[in-house]
Each structure stands twice: as C-alpha cells, then as structure tokens.
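Colleague: Okay, handing you the structure first.
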Number of protein chains: 4
Amino acid sequence: MTTHTLESLNSASPADFTAALGDIFEHSPWVAEAVSAQRPFATLAALHEAMTQAVRTAPADAQLALIKAHPDLAGKAARAGTLTADSVSEQVSAGLDRLNEAEYSRFHELNNAYRAKFGFPFIVSVRRHTKDSILRQFERRLAHSAADERETAIAEIFRIAALRLDLRVQAPDKLKLSGRLSTHVLDVHAGKPAEGVGIELFEISDSGEARLLVRGVTNRDGRTDAPLIAERPVPIGIYELRFAVAPYYAARGLALADPPFLNVVPIRFAVSEPEGHYHVPLVMSPWSYSTYRGS
Amino acid sequence: MTTHTLESLNSASPADFTAALGDIFEHSPWVAEAVSAQRPFATLAALHEAMTQAVRTAPADAQLALIKAHPDLAGKAARAGTLTADSVSEQVSAGLDRLNEAEYSRFHELNNAYRAKFGFPFIVSVRRHTKDSILRQFERRLAHSAADERETAIAEIFRIAALRLDLRVQAPDKLKLSGRLSTHVLDVHAGKPAEGVGIELFEISDSGEARLLVRGVTNRDGRTDAPLIAERPVPIGIYELRFAVAPYYAARGLALADPPFLNVVPIRFAVSEPEGHYHVPLVMSPWSYSTYRGS
Amino acid sequence: MTTHTLESLNSASPADFTAALGDIFEHSPWVAEAVSAQRPFATLAALHEAMTQAVRTAPADAQLALIKAHPDLAGKAARAGTLTADSVSEQVSAGLDRLNEAEYSRFHELNNAYRAKFGFPFIVSVRRHTKDSILRQFERRLAHSAADERETAIAEIFRIAALRLDLRVQAPDKLKLSGRLSTHVLDVHAGKPAEGVGIELFEISDSGEARLLVRGVTNRDGRTDAPLIAERPVPIGIYELRFAVAPYYAARGLALADPPFLNVVPIRFAVSEPEGHYHVPLVMSPWSYSTYRGS
Amino acid sequence: MTTHTLESLNSASPADFTAALGDIFEHSPWVAEAVSAQRPFATLAALHEAMTQAVRTAPADAQLALIKAHPDLAGKAARAGTLTADSVSEQVSAGLDRLNEAEYSRFHELNNAYRAKFGFPFIVSVRRHTKDSILRQFERRLAHSAADERETAIAEIFRIAALRLDLRVQAPDKLKLSGRLSTHVLDVHAGKPAEGVGIELFEISDSGEARLLVRGVTNRDGRTDAPLIAERPVPIGIYELRFAVAPYYAARGLALADPPFLNVVPIRFAVSEPEGHYHVPLVMSPWSYSTYRGS
C-alpha cells in the first residue's frame, strides 16, 4: 500500500488524485473524482467530510451501486482470492480468514439470508469488531427494515473509508478512530507499582476459546511500556487479561501459601466502544485484588 | 457403611467393638483391639488419640506392616475392584477413578518408583487433595529420606483414620477435620446484598480443565443458602468461582454497555489448608469488582 | 419501669391491664382501655396493631387530644422536670438534655413556630434520630400542610408506642424496631481477619463535633464481640468509625513508613434507615483500604 | 531574591560568583569561593556536588563554624527579625512563624537542651517537614551522640543548600528535590472518571487541627488540573483529602439516601518521603470507596 501526504495529494493532478484515493470507497473511484476540484483540503477530516458529502448527495442508484460493490464477509470472493487489498486486510483483522467450517457455513447462510432480504451485501466496518461481534451484528441487522439497513450500510462505508484514509494519508490531523486498552498493576502489599508482573491479553470467543493477542511485563511504574492496544479501534468483543501475581511475589521473596491463594489472576471484560479508552488496572496483594474501568 | 454411636461402642463386647472399628486402620483390626480395654471414651477425640497412641507404641515391624497394608493409589487393586470400601470412596473423592490413560500411567510409574525406593506404598489422605495436588505430593515425597517418609506415612494414616471415624461414629464432639468454602455478593451500585446472582464453582486442573462442582444462586443476604463446601476437608487445589454479574444487573433494569463491561466474572484461587475457612466474596458494580480472602 | 410478660397481661384484670399499659400512649390510658376486651393477644404485634387501630378509629377530637398530650421537645416541661418517665428517657437518648443555649433557643423557636402554625406540638420518635436529624425534620415538617402533619404526628405516635411496648412487655415475638451497626476488619496483607484492631465509633454533629459512642477491639474473627449498635433503632445521623491500623501492623512486627502511610483510618457515613442493618467493613493493608455498605 | 542562570555564573568574575552564591551556605561565602576555580559546571548537580565536597574536605573547625552559623528554629533571632532572607522563608514554609505560646516555649526548651548537649544549634531542612515532624525530629535527635549529630547537621545543611540552589539558579538539569501529591476520582457507579468532584487538602496537626492547603475540582479525566503539591518537597506530615461525593452524585441526578450514606469522604494519610510521588486516588460509588498509595 502506497501512502501519501495530504500536501502531495492537494497538489497532484486530478488523475493522480483519483488514482491515489480511488479505492477509499470500494470499487468506486467516482467519489474521489467528485471531490478533486474542492482541493486543497486543510485537514484529513475535511477530505473525509467532502467524500461522505459526495456520497450523500449522489443519486440513490449510485449509492446502491456503491453498497453492492462490497464483497460478502468471509464469502466466496475471499476464498477465491479476488478481494481488493483493503478488504483482505480488513477481513484478516477480524479473523475472518481463520474460520472453521461451521463458522464459514454460518457466514454463508447469513450472507445469503441478508442478500435475499435486502438485495445487497451485509456491510460492517470489521476493524471495529471481533468475529463474534460481527455475527451478532449480522443477526440483529437481519431483523431491520430495508430503509434502516441502507442507512446503516452507508454509515459503515463511511467508517471504512475513514480507516482507509487514516492508513493511506499522512496529514496534520488524525481522524477520531482510535481507542486504547491499557493496564496498571499496583501492589498494596508493598505500597508501590508492581514491576515485573507478566501480563497476557487474550481475545475470548463466544465458545470460550482464548486467543493470545499481546504479552508483556510491567515496568517500574507498574505499566506496560506501550498500551496493549492503541492507534486503532479496539474491536468490540470479550477480552481477558491474565496477571502472573504469584511469580511476582515469589520473586520478591514473600512466603506464599502452597499453592498460592492467587496465582494467575484473570480479569475478563468486554469492549463496547472501539474508540473508547479502556484502562483496566489490577490493585493487588497476595490475598486480594480489585479492578475497575479506569481512564 | 454402618454407623455407630460412641455410647453403643463404649458398651459393646470387645469382639463387637473390634468388628465395628476394625477397618478404621486399613486391614489392621489389631489397633481397635488394642484400645478396647481403655473404654469408655468420653469423646471421639479421646478414641482417636488412643488409637494413634496404640500405633505409635507398636513395634516397628507392626507399624511397617500397617503401612504396607495400604493399596496403591489408582493402582491395579483399584482397577481390579479388590479395595476396601473405605479406600474406594476415598479414591473416588479425589477423582482417581476418572483418570485418563496418561494419568493412569503417571500414577503407575510413581507408585513403582516409590515402592522401589521405600519398600512400601505411597500413602496420603486423599480426601484432603485434588488429583493434581496428589501428584505434586507424590513427586515431592519421592525426594525425601526413608525415615521421613515412614513418619509422613504414619501421620497420613492418622488423618485417614480420623476421617473414617468421623464418618462412622456419632459422638458429642467433632474432630477438627472440616474446612469451609463460602462466598457473598455485595452490590455497591445499589448499596445492598446482591440477590439472584448465579454462581458456579469449578475445580481447575493443572492442564486448565474446569470441572463443575456446585451451582447456586444468591439469596436475599447475597449468600448461597449453604456454604459451597462444608463439613469435610476442602481439597487442596485450584478453584474458580464464576459470578453471573451482567444477568443480575440486566434483571434489575440497568442499561448496560453492549456487550456489558462485566458479564461472567471469574475469580480463580487456590486452597492450601483443607481445614481452613475460605470466604471469597465479590464486591461489585457493573464497572468494577474486588475480592479477598475473608473469613 | 416495670416490665410485664404478654401472658400476665393477657390474664390481668381490665384495671391492671390499663394500669400496666396506660402510658404506652402519652397521658392517654383510654387506648389501653379500649383494647382490653380484645384479649388474649397472641403476639406483641397483635397488641400493637389493636392499639393503633383503637386510635385510628377514635373520633378526630380524641386523636387531636392525644397529639396535644405530648410535650415539646427540649421544651420548658423538660427543663422543669415535669415530663413522663418515658419522655425523659426518650429525649435523653437523642441528647436533648445536653443542648447548649443556642440549640435550646433554636428548639424553642421551632416549637413556637410549629404550635403557632398547627395548634399542636411537634411529635417525632426521637429514639430514631440524632439531635441534628430532629432539627432537620422540624424544619422540613414546618413547611407541610396541617392535614399532612396530623397524619405524620399519628404515625410517629405509633412508632413511639411500639418502642415503649418493646421495652415494657416480654413476648414470644419482637416488633421490627431494631437496626444494627457492625463492622469487620480484614487484613489483606496477611490474608486473614485482623485481630486486635482498636475501633471507635463517633456520632458527628452537623457542626463537626465528634461524640464517642463505643470503643472496642476486634476479635479473632476481625469483628467486635457485639455489634456496635443493636437491639434498638440506629439513630438517623452521621457517624465516624476510626480504626487503629498502624498500631495493629506495628504489633505484628511490620516495618511501617515513618510516619505510617495509614495510621488511624476514619470512615464517615450516614444512617438513614434506623431499622436497617449497617455493616461497614474495613478491608485493609498498610497501603490501602476499602469499605462499603455490607449486610 | 535574584536568580541567575548557570551559564552566567560560569562566566562571572570570581567576586561576582561568590556574591551570587555566598548565602547558599548560611553566613559562609567561603564555600562558594572554594569552588569558583572549578568552573565551568556543566550541571547544577555538579555545582552542588563541588560545594558539598568543599565542606566535606574543610577542617573540622570550619565545619563546626558552618554549623554554628545557623539560627535556632523559631528562636529569638526569628522573633527579632535578624534572620537571613533564606532562613525566614524556610521557617515560614513549615509554619514556624505561626506558633502559639506553648509551641514557642517547646521550641525554646528544645533549642536550649540541644545547644546545651551538643554545643551547636539544631539544624534541619525545614522545607521537608511540617511543624509536628520538626518537633518529632528534635526529640529523637536529642537522644543521639554528638558525632552522629554533627554528621546529621552537615547532611541537613547539604539539603538546605540544594533547595537554595534550586530556587536561585536556572540550569539545564534539576536537583532531585521535588515530590508530588496527586489524586484521581473514579466513579464505578457510572464507569468513568468523576468530573466536578470538589476536593480539599488539609494538613492535620498532631493535636487534630486541620489547616486547608489546597482546594480544587476534578476535571473530565477525574483529576485536578495540576497536582495538589508539586515542584517542591512534600513536607513530612499528616494530610487529609476530603472528597465531596454526595454533591457529585446529586448533581448527576441520582436519588441518594437521606442523609446520603457517603457525603464528604475523608482520606487521612501521612507523607514520609518528601521527594516521593504520592498518588492517592478515590475509587467510589454512592455506597463504597477504596483508596491506595498509587504512583
């Protein structure tokens, strides 16, 4: 993927501008074309706003064509390898390339049911979701009216476009697309931040499977050097943090119970706002802990 | 299993007394015989003390014979069905009847190694342990000296005898053999005990498998009507309590995040003192919780 | 004060029955008289219900006379020593005998304003209140309508009667008049109940003065041997528990910061339901603590 | 007080250099003079180190003269107005200008006893202490040996010099003299930082008096815009934070108990490391709270 500066896009020829941003909207370079004459754009937000405005003011059949230009999620095109590069990496981000046969069938059924009811594919900004959360959206949205779904599809397309712009264009401003997940370990036995606590972050599927996302160790301030997730949406879904409490206290020379009352402490929680800040601390002793949604 | 009152045992003929308590010590009715003349016993504790004293003052070869009278854990006798009734129910309590082939082999190896080193079987009061904790004991004790292991074997035999007496004899006193595991759910969003919270207690194996032990619902006081475990030792091992937090708040009409920040909250902890009181409360809101070893 | 059993009251002559319970309603033996023929009463609750029913069905002027039979709170009669014995001990319970001149004047003013507006004295069950809470009630109720205040006065008279019956009559049942205030100290540094923690309970006035009510020390279970307040209403008001945390840890040999981060920990809270159970625990380490309304 | 840059001091004439830093050590310009030839100093730390080295290598009688050049704390010189400007502002920082007669007498007695025993005045870096903590130091140090006290006096003089350098010289580096006291309010009822909570910080004297130091309100992130204390030592002493919890929840429209269970929540704690970071958060609901020493 080539990235551009906003500045270079502002001074590019109309043809180059459209070539650079033609796939921000799936198979629909006409959107880039429509805003080319409005250049220069002072900010990425202004560019995104102009593009969404071009879609909103386009005729209904052009909007519908845009919707229909999107591929099915985890559909035949994905298996056949005929997706756009953007769609591939988006579907990978939510694990749609790792479906088992049952899940693949479920998506297949839902895709068909959705197309049968609405006449266009199901569209969702998958970078904001885990696989289970996509399935839940799918089931809920199948119950909606056609008018509502057309509106929702357009809104999701705007979200997808924003995330694509954010990846492709360097600009002085950032679109408000990123959430953050962080933690902090406080040791109330010693009265200080806990340094050297092993931490693992898992994504938990509805069926209970745990998939390791990040592994880290707390620093002198009781935090990981970088947030666990940052600079992207935190996918809607269920997570589990696991903190290696007993190894930490054993390394400090404490005589623990055998086996220790607390060994690896799991904190299970869900993210519902992909653009939110989730701070999930652990305030612990060898015999107690607490957690809360912090900031 | 026939139970007796201490009173009736005190007034029984010597032969009946020995018949009633002949299997308190495995295949060793001589222990009961030896204390018969000391009757009456005012308490169960006095009876147990007299029996352990009879063993302690017996000749070394009688003690060794007593040790050797015990079966292997999860051994051939268990498979062949030739154990005493007491041994069967004890081994079942720790799940030794539910071993897979790998575990069965592991026990087989350890039994052989132990017998090869010490010349007698490995003895442990299995009602105080989970399967994993027995294996851990096994491995540790293999490294001990023969003298230490003879002492440990005798001490474990006394624990087994106490638990058998407790099951078989009704007396005014109770031996101190029982631990307790309980919980309590406080709702700090509403400022009262949380009524109607679903609770599950699992035993967690070293390999991470969860086996459901008890299921309950909190009452008006935020507690389960009965302790989760009581009137017996709480086996040394790892446990997980799971509290259905989101369903509780949803039933109270709260608008939760979607998915809710906290849904089923797991609290994982270990028991190291089978005769201890473990109170593991949950103090919760939809956005926070804490727990500690209480009493 | 003479106490009676419900049984003896049931079998007493009508005259003795009225003599025994003639002052349950202030200067109004007619209430006892009215229910004498309904004997026997199976429970204290039935007796109380019958007496309140007698008042409710009495003519309006009899009800008004009953209301007017009550003395002013902290009024001239109290200073002159002409109150009934019940009224004296009730007013003492809320500290109305310990007013300074400013407070005495405030009560005097409020009494006069209330009588001027409604034509009868202000009645409140003072055993359910602290002095500040009585003053707050006084000010609020002055703004009410006469009809509302007559109803409120009757309701308060029924509460007063219940508390008097409870003190005077021994019966198989208890009226639901009592609240409870208790605490519990858990040491999450050691993982057990904190034994030997000094505790003081203060009543805090609106002006910030602290009046010591109870002093205690935690036992092996981390509790005081008796609840801090029990078997009576917990007066509506503001309280402060003070826990001697640093002395506890110092006595256990811990090296604390100098001065210790936590020394005497104050927990300030209010009671709004005199018949409620207030359990206010302290879950502490040398570097942290938490509290909540428990049960 | 004139401030200088380290650069200008490095290029000043020896006489100007000594004039500028002559009072870093009380009435002892010889210390500045002694290091003048070692210029340039790359950092303030190097300058401080050189000056302390000059004192350490000076003859014993010069060291003693330096010690003796210091005034009594809260002594006659302070009352007479004959202190150096530095000493005045230092003694004011710890409230030594606000003593009542009893305290003044106590200092007078201790000054005399200390001089009588050791032959020189009691020296302590008062910016690191509250009045009560100075008195506690005074009493403890009176029991020490003369040799220990000479060493302690020199160490305190170095601390005083560092704080004076820090105020007077602008340099690329900062000496490690500053502590920090901050707070954070998390609302676990709503699951977010608590905005708009009134906070007061008091210094608490041994006799229980509370002196207001700072008043603030939490911002959108649940913090005060600036730390409560920063860029100076946090004086050793006892503090109380008061959080206006009930007004916060009432402003959010919650129906609270009457009176509210928690109204103004006091957190009382001590600072023992003036250069430490003290983060004292409040994690609260209308019915619970917790705090801990964070970072």
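We label chains A, B, ... in the order they appear in the structure tokens, count residues from 1 in each chain, and number ligands from 1 in the order shown.
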With 9 Å as the cut-off and only C-alpha atoms counted, what is the closest atom pair between each nearby residue of chain A and chain D? Distances in Å to one decimal, ordered by chain and number, as a tab-separated table.
Modeller:
residue	atom	partner	partner_atom	distance
A:Leu186	CA	D:Gly294	CA	6.6
A:Asp187	CA	D:Gly294	CA	8.6
A:Val188	CA	D:Tyr292	CA	6.9
A:Gly191	CA	D:Arg293	CA	5.8
A:Lys192	CA	D:Gly294	CA	6.4
A:Pro193	CA	D:Ser295	CA	6.5
A:Asp221	CA	D:Ser295	CA	7.0
A:Gly222	CA	D:Ser295	CA	8.5
A:Val283	CA	D:Tyr292	CA	8.4
A:Tyr292	CA	D:Val188	CA	6.9
A:Arg293	CA	D:Gly191	CA	5.9
A:Gly294	CA	D:Lys192	CA	6.4
A:Ser295	CA	D:Pro193	CA	6.5
Colleague: Let's have chain B fitted on chain D; use all the C-alpha atoms paired in order for the least-squares step and return it as a tab-separated table (two decimals) with C-alpha atoms, in the first residue's frame.
Modeller:
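Output saved as result.tsv:
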chain	number	residue	atom	x	y	z
B	1	MET	CA	15.85	37.07	45.59
B	2	THR	CA	17.83	37.38	42.39
B	3	THR	CA	18.01	34.32	40.18
B	4	HIS	CA	20.90	33.50	37.86
B	5	THR	CA	21.50	31.17	34.98
B	6	LEU	CA	24.18	28.56	35.44
B	7	GLU	CA	25.77	29.91	32.27
B	8	SER	CA	26.09	33.45	33.64
B	9	LEU	CA	27.53	32.12	36.89
B	10	ASN	CA	30.09	30.14	34.92
B	11	SER	CA	31.31	33.27	33.15
B	12	ALA	CA	31.07	35.70	36.08
B	13	SER	CA	34.13	37.11	37.83
B	14	PRO	CA	35.15	35.19	40.96
B	15	ALA	CA	33.88	38.06	43.11
B	16	ASP	CA	30.49	38.12	41.39
B	17	PHE	CA	30.23	34.34	41.59
B	18	THR	CA	30.85	34.43	45.34
B	19	ALA	CA	28.45	37.31	45.79
B	20	ALA	CA	25.73	35.40	43.94
B	21	LEU	CA	26.12	32.15	45.85
B	22	GLY	CA	27.62	33.37	49.12
B	23	ASP	CA	24.45	32.64	51.10
B	24	ILE	CA	23.77	29.15	49.74
B	25	PHE	CA	25.60	28.06	52.87
B	26	GLU	CA	24.39	30.15	55.82
B	27	HIS	CA	26.73	33.08	56.54
B	28	SER	CA	29.55	31.11	54.85
B	29	PRO	CA	30.62	32.64	51.53
B	30	TRP	CA	33.91	30.68	51.76
B	31	VAL	CA	32.16	27.65	50.32
B	32	ALA	CA	31.29	29.45	47.08
B	33	GLU	CA	34.77	30.99	47.01
B	34	ALA	CA	36.35	27.54	47.34
B	35	VAL	CA	34.69	26.17	44.20
B	36	SER	CA	34.93	29.26	42.01
B	37	ALA	CA	38.11	28.07	40.31
B	38	GLN	CA	36.50	24.74	39.35
B	39	ARG	CA	34.18	26.50	36.91
B	40	PRO	CA	32.59	25.90	34.43
B	41	PHE	CA	30.01	23.52	35.94
B	42	ALA	CA	28.09	21.57	33.31
B	43	THR	CA	25.14	20.94	35.60
B	44	LEU	CA	23.58	22.18	38.81
B	45	ALA	CA	24.25	18.74	40.27
B	46	ALA	CA	27.99	19.19	39.58
B	47	LEU	CA	27.96	22.60	41.27
B	48	HIS	CA	26.15	21.23	44.32
B	49	GLU	CA	28.51	18.27	44.48
B	50	ALA	CA	31.56	20.56	44.33
B	51	MET	CA	30.21	22.74	47.15
B	52	THR	CA	29.42	19.78	49.41
B	53	GLN	CA	32.91	18.40	48.64
B	54	ALA	CA	34.44	21.74	49.72
B	55	VAL	CA	32.64	21.45	53.06
B	56	ARG	CA	33.54	17.78	53.53
B	57	THR	CA	37.25	18.49	52.97
B	58	ALA	CA	37.32	21.63	55.12
B	59	PRO	CA	38.98	21.49	58.56
B	60	ALA	CA	36.79	20.33	61.42
B	61	ASP	CA	36.66	23.78	63.01
B	62	ALA	CA	35.46	25.35	59.75
B	63	GLN	CA	32.70	22.76	59.58
B	64	LEU	CA	31.74	23.47	63.17
B	65	ALA	CA	31.69	27.20	62.44
B	66	LEU	CA	29.36	26.53	59.50
B	67	ILE	CA	27.00	24.57	61.75
B	68	LYS	CA	27.10	27.29	64.38
B	69	ALA	CA	26.31	29.96	61.77
B	70	HIS	CA	22.73	28.67	61.61
B	71	PRO	CA	19.95	30.26	63.65
B	72	ASP	CA	17.71	28.49	66.13
B	73	LEU	CA	14.41	27.28	64.74
B	74	ALA	CA	11.62	29.56	65.89
B	75	GLY	CA	14.18	31.21	68.07
B	76	LYS	CA	14.88	34.72	69.29
B	77	ALA	CA	16.52	35.75	66.04
B	78	ALA	CA	13.33	34.84	64.19
B	79	ARG	CA	11.26	36.95	66.55
B	80	ALA	CA	13.74	39.79	66.39
B	81	GLY	CA	13.74	39.74	62.59
B	82	THR	CA	17.48	39.25	62.26
B	83	LEU	CA	17.43	36.07	60.13
B	84	THR	CA	18.77	35.77	56.59
B	85	ALA	CA	16.05	36.01	53.92
B	86	ASP	CA	16.48	32.31	53.11
B	87	SER	CA	16.01	31.27	56.73
B	88	VAL	CA	12.90	33.39	57.02
B	89	SER	CA	11.15	31.86	54.05
B	90	GLU	CA	12.22	28.36	55.06
B	91	GLN	CA	10.84	28.76	58.59
B	92	VAL	CA	7.62	30.22	57.21
B	93	SER	CA	7.18	27.21	54.91
B	94	ALA	CA	6.87	24.92	57.92
B	95	GLY	CA	4.62	27.28	59.82
B	96	LEU	CA	7.24	28.21	62.41
B	97	ASP	CA	6.00	31.80	62.20
B	98	ARG	CA	2.54	30.70	63.32
B	99	LEU	CA	3.40	29.06	66.64
B	100	ASN	CA	1.22	29.59	69.67
B	101	GLU	CA	2.89	30.35	73.01
B	102	ALA	CA	3.00	26.71	74.10
B	103	GLU	CA	4.69	25.68	70.86
B	104	TYR	CA	7.09	28.61	71.02
B	105	SER	CA	8.07	27.53	74.55
B	106	ARG	CA	8.50	23.95	73.42
B	107	PHE	CA	10.90	25.06	70.66
B	108	HIS	CA	12.69	27.31	73.12
B	109	GLU	CA	13.23	24.44	75.55
B	110	LEU	CA	14.36	22.05	72.84
B	111	ASN	CA	16.74	24.61	71.35
B	112	ASN	CA	18.32	25.16	74.75
B	113	ALA	CA	18.55	21.48	75.57
B	114	TYR	CA	20.10	20.76	72.18
B	115	ARG	CA	22.66	23.57	72.43
B	116	ALA	CA	23.48	22.55	76.00
B	117	LYS	CA	24.14	18.98	74.95
B	118	PHE	CA	25.90	19.51	71.60
B	119	GLY	CA	27.23	23.08	71.66
B	120	PHE	CA	25.61	23.98	68.33
B	121	PRO	CA	22.10	24.70	67.06
B	122	PHE	CA	19.67	22.08	65.82
B	123	ILE	CA	19.66	22.05	62.02
B	124	VAL	CA	17.03	20.47	59.81
B	125	SER	CA	15.87	21.18	56.27
B	126	VAL	CA	12.52	22.56	57.31
B	127	ARG	CA	11.09	22.64	53.79
B	128	ARG	CA	10.88	18.82	54.03
B	129	HIS	CA	8.84	18.90	57.24
B	130	THR	CA	5.69	20.06	58.93
B	131	LYS	CA	5.91	21.63	62.37
B	132	ASP	CA	4.98	18.39	64.13
B	133	SER	CA	7.52	16.43	62.19
B	134	ILE	CA	10.24	18.96	63.12
B	135	LEU	CA	9.35	18.55	66.78
B	136	ARG	CA	9.50	14.77	66.44
B	137	GLN	CA	12.94	15.03	64.80
B	138	PHE	CA	14.07	17.38	67.52
B	139	GLU	CA	13.13	14.97	70.28
B	140	ARG	CA	14.69	11.97	68.59
B	141	ARG	CA	17.92	13.68	67.69
B	142	LEU	CA	18.40	14.98	71.23
B	143	ALA	CA	19.02	11.35	72.19
B	144	HIS	CA	21.82	10.87	69.64
B	145	SER	CA	25.60	11.10	70.14
B	146	ALA	CA	27.50	14.30	69.34
B	147	ALA	CA	29.38	12.63	66.48
B	148	ASP	CA	26.14	11.44	64.87
B	149	GLU	CA	24.55	14.85	65.26
B	150	ARG	CA	27.51	16.64	63.59
B	151	GLU	CA	27.11	14.29	60.63
B	152	THR	CA	23.37	14.75	60.54
B	153	ALA	CA	23.74	18.54	60.77
B	154	ILE	CA	26.11	18.55	57.78
B	155	ALA	CA	23.76	16.29	55.78
B	156	GLU	CA	20.82	18.61	56.52
B	157	ILE	CA	22.95	21.65	55.54
B	158	PHE	CA	23.60	19.98	52.17
B	159	ARG	CA	19.84	19.48	51.70
B	160	ILE	CA	19.21	23.12	52.58
B	161	ALA	CA	21.91	24.19	50.12
B	162	ALA	CA	20.39	22.08	47.37
B	163	LEU	CA	16.95	23.63	47.87
B	164	ARG	CA	18.49	27.12	47.88
B	165	LEU	CA	20.45	26.41	44.69
B	166	ASP	CA	17.32	25.07	43.06
B	167	LEU	CA	15.46	28.30	43.80
B	168	ARG	CA	18.30	30.59	42.79
B	169	VAL	CA	19.93	29.01	39.72
B	170	GLN	CA	18.33	28.16	36.40
B	171	ALA	CA	20.12	25.21	34.84
B	172	PRO	CA	19.56	22.53	32.22
B	173	ASP	CA	19.15	19.93	34.97
B	174	LYS	CA	17.03	19.78	38.13
B	175	LEU	CA	18.22	18.47	41.49
B	176	LYS	CA	16.09	15.57	42.77
B	177	LEU	CA	14.34	17.56	45.46
B	178	SER	CA	10.70	17.48	44.50
B	179	GLY	CA	7.94	15.15	45.50
B	180	ARG	CA	4.37	15.14	44.25
B	181	LEU	CA	0.95	14.64	45.72
B	182	SER	CA	-1.93	13.96	43.37
B	183	THR	CA	-5.34	12.34	43.31
B	184	HIS	CA	-7.86	10.88	40.88
B	185	VAL	CA	-11.54	10.16	41.31
B	186	LEU	CA	-13.12	7.19	39.52
B	187	ASP	CA	-16.86	6.70	39.57
B	188	VAL	CA	-17.62	2.98	39.43
B	189	HIS	CA	-21.35	3.67	39.51
B	190	ALA	CA	-21.13	5.28	36.07
B	191	GLY	CA	-17.93	3.58	34.92
B	192	LYS	CA	-16.01	6.77	34.20
B	193	PRO	CA	-13.77	9.43	35.72
B	194	ALA	CA	-15.75	11.62	38.09
B	195	GLU	CA	-15.84	15.20	36.80
B	196	GLY	CA	-16.73	18.07	39.11
B	197	VAL	CA	-15.90	16.52	42.47
B	198	GLY	CA	-14.84	19.14	45.00
B	199	ILE	CA	-11.58	18.26	46.73
B	200	GLU	CA	-9.85	19.83	49.71
B	201	LEU	CA	-6.40	18.99	51.04
B	202	PHE	CA	-5.68	19.64	54.70
B	203	GLU	CA	-2.57	19.36	56.80
B	204	ILE	CA	-3.49	17.70	60.08
B	205	SER	CA	-1.55	18.58	63.22
B	206	ASP	CA	-0.82	16.09	65.96
B	207	SER	CA	-3.48	17.77	68.03
B	208	GLY	CA	-6.02	17.13	65.28
B	209	GLU	CA	-6.34	20.62	63.83
B	210	ALA	CA	-6.93	20.76	60.08
B	211	ARG	CA	-5.29	23.53	58.04
B	212	LEU	CA	-6.57	23.93	54.45
B	213	LEU	CA	-3.74	23.78	51.93
B	214	VAL	CA	-5.44	23.47	48.55
B	215	ARG	CA	-8.97	23.38	47.17
B	216	GLY	CA	-9.82	22.02	43.73
B	217	VAL	CA	-12.36	20.37	41.47
B	218	THR	CA	-11.83	17.31	39.30
B	219	ASN	CA	-11.74	17.76	35.54
B	220	ARG	CA	-13.07	15.50	32.78
B	221	ASP	CA	-10.37	12.97	33.50
B	222	GLY	CA	-11.25	12.84	37.21
B	223	ARG	CA	-8.02	14.64	38.15
B	224	THR	CA	-7.20	18.12	39.35
B	225	ASP	CA	-5.69	20.25	36.59
B	226	ALA	CA	-2.42	20.45	38.52
B	227	PRO	CA	-1.05	18.09	41.17
B	228	LEU	CA	-2.04	19.12	44.71
B	229	ILE	CA	1.64	19.53	45.59
B	230	ALA	CA	4.47	19.52	43.06
B	231	GLU	CA	7.88	20.97	42.27
B	232	ARG	CA	8.91	21.02	45.91
B	233	PRO	CA	9.34	18.50	48.70
B	234	VAL	CA	6.06	17.22	50.15
B	235	PRO	CA	6.55	17.99	53.85
B	236	ILE	CA	6.67	14.95	56.14
B	237	GLY	CA	3.39	15.01	57.99
B	238	ILE	CA	-0.23	13.97	58.13
B	239	TYR	CA	-2.76	15.01	55.50
B	240	GLU	CA	-6.43	14.62	54.85
B	241	LEU	CA	-8.12	14.70	51.47
B	242	ARG	CA	-11.85	15.43	51.55
B	243	PHE	CA	-13.95	14.50	48.54
B	244	ALA	CA	-17.45	15.93	48.09
B	245	VAL	CA	-19.07	12.68	46.95
B	246	ALA	CA	-22.77	13.29	47.63
B	247	PRO	CA	-22.87	16.68	45.86
B	248	TYR	CA	-21.29	15.01	42.82
B	249	TYR	CA	-23.92	12.26	42.65
B	250	ALA	CA	-26.76	14.65	43.45
B	251	ALA	CA	-25.66	16.85	40.54
B	252	ARG	CA	-25.85	13.80	38.28
B	253	GLY	CA	-29.49	13.30	39.30
B	254	LEU	CA	-29.07	10.21	41.45
B	255	ALA	CA	-31.61	9.64	44.21
B	256	LEU	CA	-29.44	9.29	47.29
B	257	ALA	CA	-30.36	8.18	50.79
B	258	ASP	CA	-31.34	11.07	53.10
B	259	PRO	CA	-28.86	11.84	54.54
B	260	PRO	CA	-26.63	10.25	51.88
B	261	PHE	CA	-24.63	7.22	53.05
B	262	LEU	CA	-21.43	8.93	51.90
B	263	ASN	CA	-21.28	12.69	51.85
B	264	VAL	CA	-17.80	14.17	52.26
B	265	VAL	CA	-15.33	11.28	52.27
B	266	PRO	CA	-12.13	11.89	54.27
B	267	ILE	CA	-8.92	10.04	53.39
B	268	ARG	CA	-6.24	10.54	56.04
B	269	PHE	CA	-2.68	9.50	55.28
B	270	ALA	CA	0.91	10.43	56.04
B	271	VAL	CA	3.84	11.42	53.87
B	272	SER	CA	7.18	10.00	54.96
B	273	GLU	CA	9.27	10.56	51.82
B	274	PRO	CA	9.26	14.26	50.83
B	275	GLU	CA	10.77	13.43	47.44
B	276	GLY	CA	8.29	10.60	46.75
B	277	HIS	CA	5.29	10.49	44.47
B	278	TYR	CA	2.09	10.13	46.42
B	279	HIS	CA	-0.94	9.35	44.32
B	280	VAL	CA	-4.01	8.85	46.49
B	281	PRO	CA	-7.04	8.00	44.33
B	282	LEU	CA	-10.67	7.55	45.29
B	283	VAL	CA	-12.57	4.76	43.55
B	284	MET	CA	-16.15	5.31	44.57
B	285	SER	CA	-19.85	4.61	44.25
B	286	PRO	CA	-22.59	6.17	46.41
B	287	TRP	CA	-22.19	3.12	48.70
B	288	SER	CA	-18.50	2.24	48.67
B	289	TYR	CA	-15.03	3.51	48.15
B	290	SER	CA	-11.45	2.41	48.12
B	291	THR	CA	-8.10	4.12	48.12
B	292	TYR	CA	-4.47	3.08	47.97
B	293	ARG	CA	-1.02	4.52	47.57
B	294	GLY	CA	-0.71	4.66	43.81
B	295	SER	CA	1.96	6.17	41.61
Colleague: If you run DSSP on the backbone here, which positions in stretch 43-191 of chain B get helix (DSSP H, G or I)? Please write them as a PyMOL selection string.
Modeller: chain B and resi 44-56+60-68+76-80+85-93+96-98+101-118+126-128+131-142+146-168
